[in-house]
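Data first, discussion second: the structure below is written as structure tokens.
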Amino acid sequence: MKAKVVFLDRDGTIIIDKNYLSDPEGIEFFPNALEGLKAFQAFGYQLVMITNQSGIGRGYFTENDLKLVHDRLKELLQDNGIQLLDIFYCPHAPEENCTCRKPKTGMLVSACQKYNVDLESAAMIGDSKVDVNLAKNFGITAIQVANGTNEPLPNADYVAKDLLDAANWMRKKQS
């Protein structure tokens with residue numbers, strides 16, 4: 001059976017972008033982020049985070065620092081009844097020209113191979129152009145979450161005000 005999955009960017013989408021976050025205490029959720037993630041789960045979606053973390057490649061923090069941030073993030077989500085299926089991250093600096101850095105599709109390819117994802121129902125949800133372009137490059141639904149911080153992107157399939165709005169739109173789209 002194929003997995004019904006939404007792919008989610010981290011910074012600027014689920015949590016407030018703190019510019020190379022390396023301290024677990026700096027995690028701060030956007031309004032309606034937790035409610036939106038719960039709604040996705042209630043609608044039968046599994047949650048997979050897809051995030052560029054070039055701070056590692058740039059030498060700003062270590063993979064262990066990132067692990068501590070992600071462990072804390074998963075703990076906070078679990079405390080709210082939310083389960084991340086997995087986290088895929090690109091540790092490379094942009095100039096390394098890897099295949100995993102968004103908007104390239106390497107992380108999505110890996111996730112789909114690991115979890116047998118149903119691409120018909122899948123979506124990539126993020127705040128930026130690279131997130132929307134990743135979805136377009138991979139041929140899945142592209143949702144931009146504006147979170148009151150950025151301009152709508154014309155190539156997004158939907159521009160949501162927050163993750164709860166995105167979840168409600170996906171539910172309507174799937175029914």
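Letters A, B, ... mark the chains of the structure tokens in the order given; residue numbers begin at 1 per chain; ligand numbers begin at 1, in order shown.
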Quiz item: So which bits of segment 15-128 of chain A end up strand (DSSP E or B) when you DSSP the backbone, as a PyMOL selection string?
Solution: chain A and resi 15+29+46-52+84-90+117+123-126
How close does each residue of segment 90-137 of chain A get to segment 14-32 of chain A, giving the shortest atom pair and distance in Å to one decimal for every residue with an atom at most 12 Å away, counting only C-alpha atoms, sorted by chain and residue number, as JSON lines?
{"residue": "A:Pro91", "atom": "CA", "partner": "A:Tyr20", "partner_atom": "CA", "distance": 11.6}
{"residue": "A:Ile125", "atom": "CA", "partner": "A:Ile14", "partner_atom": "CA", "distance": 9.6}
{"residue": "A:Gly126", "atom": "CA", "partner": "A:Ile14", "partner_atom": "CA", "distance": 8.5}
{"residue": "A:Asp127", "atom": "CA", "partner": "A:Ile14", "partner_atom": "CA", "distance": 9.3}
{"residue": "A:Ser128", "atom": "CA", "partner": "A:Asp17", "partner_atom": "CA", "distance": 11.6}
Quiz prompt | For atom CA of Phe138 of chain A and atom CA of Ala123 of chain A, the interatomic separation in Å (one decimal) | solution = 9.9 Å
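Distances to Phe43 of chain A were evaluated for A:Val6, A:Met1, A:Leu76, A:Leu153 using only C-alpha atoms, and the minimum falls at A:Val6.
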Quiz prompt | Close residues, Ala42 of chain A itself excluded, 12 Å, only C-alpha atoms, min 3 positions apart in chain, as a PyMOL selection string | solution = chain A and resi 4+35-39+45-47+81-83+164+167-168+170-171
Selection to disk with N, CA and C atoms, as a PDB file, in the first residue's frame:
ATOM      1  N   LYS A   4       0.366   7.925   2.088  1.00  0.00           N
ATOM      2  CA  LYS A   4      -0.167   9.261   1.828  1.00  0.00           C
ATOM      3  C   LYS A   4       0.685  10.231   2.655  1.00  0.00           C
ATOM      4  N   GLU A  35      -1.686  23.006  14.862  1.00  0.00           N
ATOM      5  CA  GLU A  35      -3.053  22.656  14.470  1.00  0.00           C
ATOM      6  C   GLU A  35      -3.083  22.111  13.043  1.00  0.00           C
ATOM      7  N   GLY A  36      -2.292  22.717  12.160  1.00  0.00           N
ATOM      8  CA  GLY A  36      -2.231  22.255  10.784  1.00  0.00           C
ATOM      9  C   GLY A  36      -1.633  20.865  10.671  1.00  0.00           C
ATOM     10  N   LEU A  37      -0.570  20.607  11.417  1.00  0.00           N
ATOM     11  CA  LEU A  37       0.052  19.278  11.391  1.00  0.00           C
ATOM     12  C   LEU A  37      -0.907  18.220  11.938  1.00  0.00           C
ATOM     13  N   LYS A  38      -1.623  18.567  12.996  1.00  0.00           N
ATOM     14  CA  LYS A  38      -2.627  17.641  13.541  1.00  0.00           C
ATOM     15  C   LYS A  38      -3.724  17.370  12.512  1.00  0.00           C
ATOM     16  N   ALA A  39      -4.133  18.405  11.808  1.00  0.00           N
ATOM     17  CA  ALA A  39      -5.181  18.246  10.792  1.00  0.00           C
ATOM     18  C   ALA A  39      -4.702  17.325   9.671  1.00  0.00           C
ATOM     19  N   TYR A  45      -2.699  11.804   6.454  1.00  0.00           N
ATOM     20  CA  TYR A  45      -1.366  12.047   5.913  1.00  0.00           C
ATOM     21  C   TYR A  45      -0.281  11.722   6.933  1.00  0.00           C
ATOM     22  N   GLN A  46       0.823  11.228   6.423  1.00  0.00           N
ATOM     23  CA  GLN A  46       2.033  11.108   7.232  1.00  0.00           C
ATOM     24  C   GLN A  46       2.898  12.328   6.925  1.00  0.00           C
ATOM     25  N   LEU A  47       3.700  12.732   7.894  1.00  0.00           N
ATOM     26  CA  LEU A  47       4.472  13.969   7.804  1.00  0.00           C
ATOM     27  C   LEU A  47       5.956  13.675   7.654  1.00  0.00           C
ATOM     28  N   GLY A  81       0.885  15.504  20.199  1.00  0.00           N
ATOM     29  CA  GLY A  81       0.187  14.451  19.472  1.00  0.00           C
ATOM     30  C   GLY A  81       0.532  14.364  18.001  1.00  0.00           C
ATOM     31  N   ILE A  82       1.699  14.883  17.621  1.00  0.00           N
ATOM     32  CA  ILE A  82       2.113  14.912  16.218  1.00  0.00           C
ATOM     33  C   ILE A  82       3.337  14.019  16.039  1.00  0.00           C
ATOM     34  N   GLN A  83       3.287  13.180  15.019  1.00  0.00           N
ATOM     35  CA  GLN A  83       4.375  12.241  14.751  1.00  0.00           C
ATOM     36  C   GLN A  83       4.991  12.535  13.385  1.00  0.00           C
ATOM     37  N   LEU A 164      -2.535  25.309   8.867  1.00  0.00           N
ATOM     38  CA  LEU A 164      -3.912  24.861   9.029  1.00  0.00           C
ATOM     39  C   LEU A 164      -4.706  25.125   7.746  1.00  0.00           C
ATOM     40  N   ALA A 167      -3.686  22.503   5.244  1.00  0.00           N
ATOM     41  CA  ALA A 167      -4.294  21.195   5.525  1.00  0.00           C
ATOM     42  C   ALA A 167      -5.754  21.172   5.073  1.00  0.00           C
ATOM     43  N   ASN A 168      -6.476  22.232   5.350  1.00  0.00           N
ATOM     44  CA  ASN A 168      -7.883  22.284   4.948  1.00  0.00           C
ATOM     45  C   ASN A 168      -8.030  22.289   3.430  1.00  0.00           C
ATOM     46  N   MET A 170      -5.872  20.913   1.290  1.00  0.00           N
ATOM     47  CA  MET A 170      -5.535  19.556   0.831  1.00  0.00           C
ATOM     48  C   MET A 170      -6.701  18.606   1.070  1.00  0.00           C
ATOM     49  N   ARG A 171      -7.376  18.731   2.183  1.00  0.00           N
ATOM     50  CA  ARG A 171      -8.527  17.865   2.481  1.00  0.00           C
ATOM     51  C   ARG A 171      -9.606  18.080   1.423  1.00  0.00           C
TER      52      ARG A 171
END
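For the set A:Arg72, A:Lys129, A:Arg58, A:Lys2, the residue with the smallest atom-to-atom gap to Tyr115 of chain A is A:Lys2, counting only C-alpha atoms.
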Self-check item: Interatomic distance, atom CA of Ile87 of chain A to atom CA of Lys114 of chain A (Å, one decimal)
Solution: 11.8 Å
Quiz prompt | helix (DSSP H, G or I) residues, from DSSP on the backbone, in segment 37-139 of chain A, as a ChimeraX atom specification | solution = /A:37-42,54-57,63-79,94-96,106-115,129-138
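Atom CA of Tyr60 of chain A lies 27.0 Å from atom CA of Leu85 of chain A.
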Just the residues within 12 Å of Gly106 of chain A, please, counting only C-alpha atoms, with nothing from its chain fewer than 5 positions along; format it as a PDB file with C-alpha atoms, in the first residue's frame.
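Output file result-v3.pdb follows:
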ATOM      1  CA  ILE A  50      12.504  18.066   3.947  1.00  0.00           C
ATOM      2  CA  THR A  51      15.009  20.765   4.902  1.00  0.00           C
ATOM      3  CA  ASN A  52      18.154  22.417   3.578  1.00  0.00           C
ATOM      4  CA  PHE A  88      15.530  14.363   5.432  1.00  0.00           C
ATOM      5  CA  TYR A  89      18.093  17.147   5.369  1.00  0.00           C
ATOM      6  CA  CYS A  90      20.772  18.443   3.041  1.00  0.00           C
ATOM      7  CA  ASN A  97      26.240  21.450  -6.116  1.00  0.00           C
ATOM      8  CA  CYS A  98      24.855  18.276  -4.524  1.00  0.00           C
ATOM      9  CA  THR A  99      21.744  16.460  -5.750  1.00  0.00           C
ATOM     10  CA  CYS A 100      19.916  16.750  -2.422  1.00  0.00           C
ATOM     11  CA  ARG A 101      19.778  20.533  -1.956  1.00  0.00           C
ATOM     12  CA  ALA A 111      11.869   9.617   0.884  1.00  0.00           C
ATOM     13  CA  CYS A 112       9.711   8.098  -1.859  1.00  0.00           C
ATOM     14  CA  GLN A 113      11.987   5.080  -2.163  1.00  0.00           C
ATOM     15  CA  LEU A 134      11.110  21.432  -5.661  1.00  0.00           C
ATOM     16  CA  ALA A 135       7.461  20.358  -5.879  1.00  0.00           C
ATOM     17  CA  ASN A 137      10.560  19.677 -10.344  1.00  0.00           C
ATOM     18  CA  PHE A 138       9.189  16.479  -8.781  1.00  0.00           C
TER      19      PHE A 138
END
Quiz item: Can you tell me, as a list in words, what residues are no more than 7 Å from segment 131-133 of chain A when counting only C-alpha atoms, ignoring any on the same chain fewer than 6 positions away?
Solution: Lys102, Pro103, Met124, Ile125, Ala142, Ile143, Gln144 and Ala156 of chain A
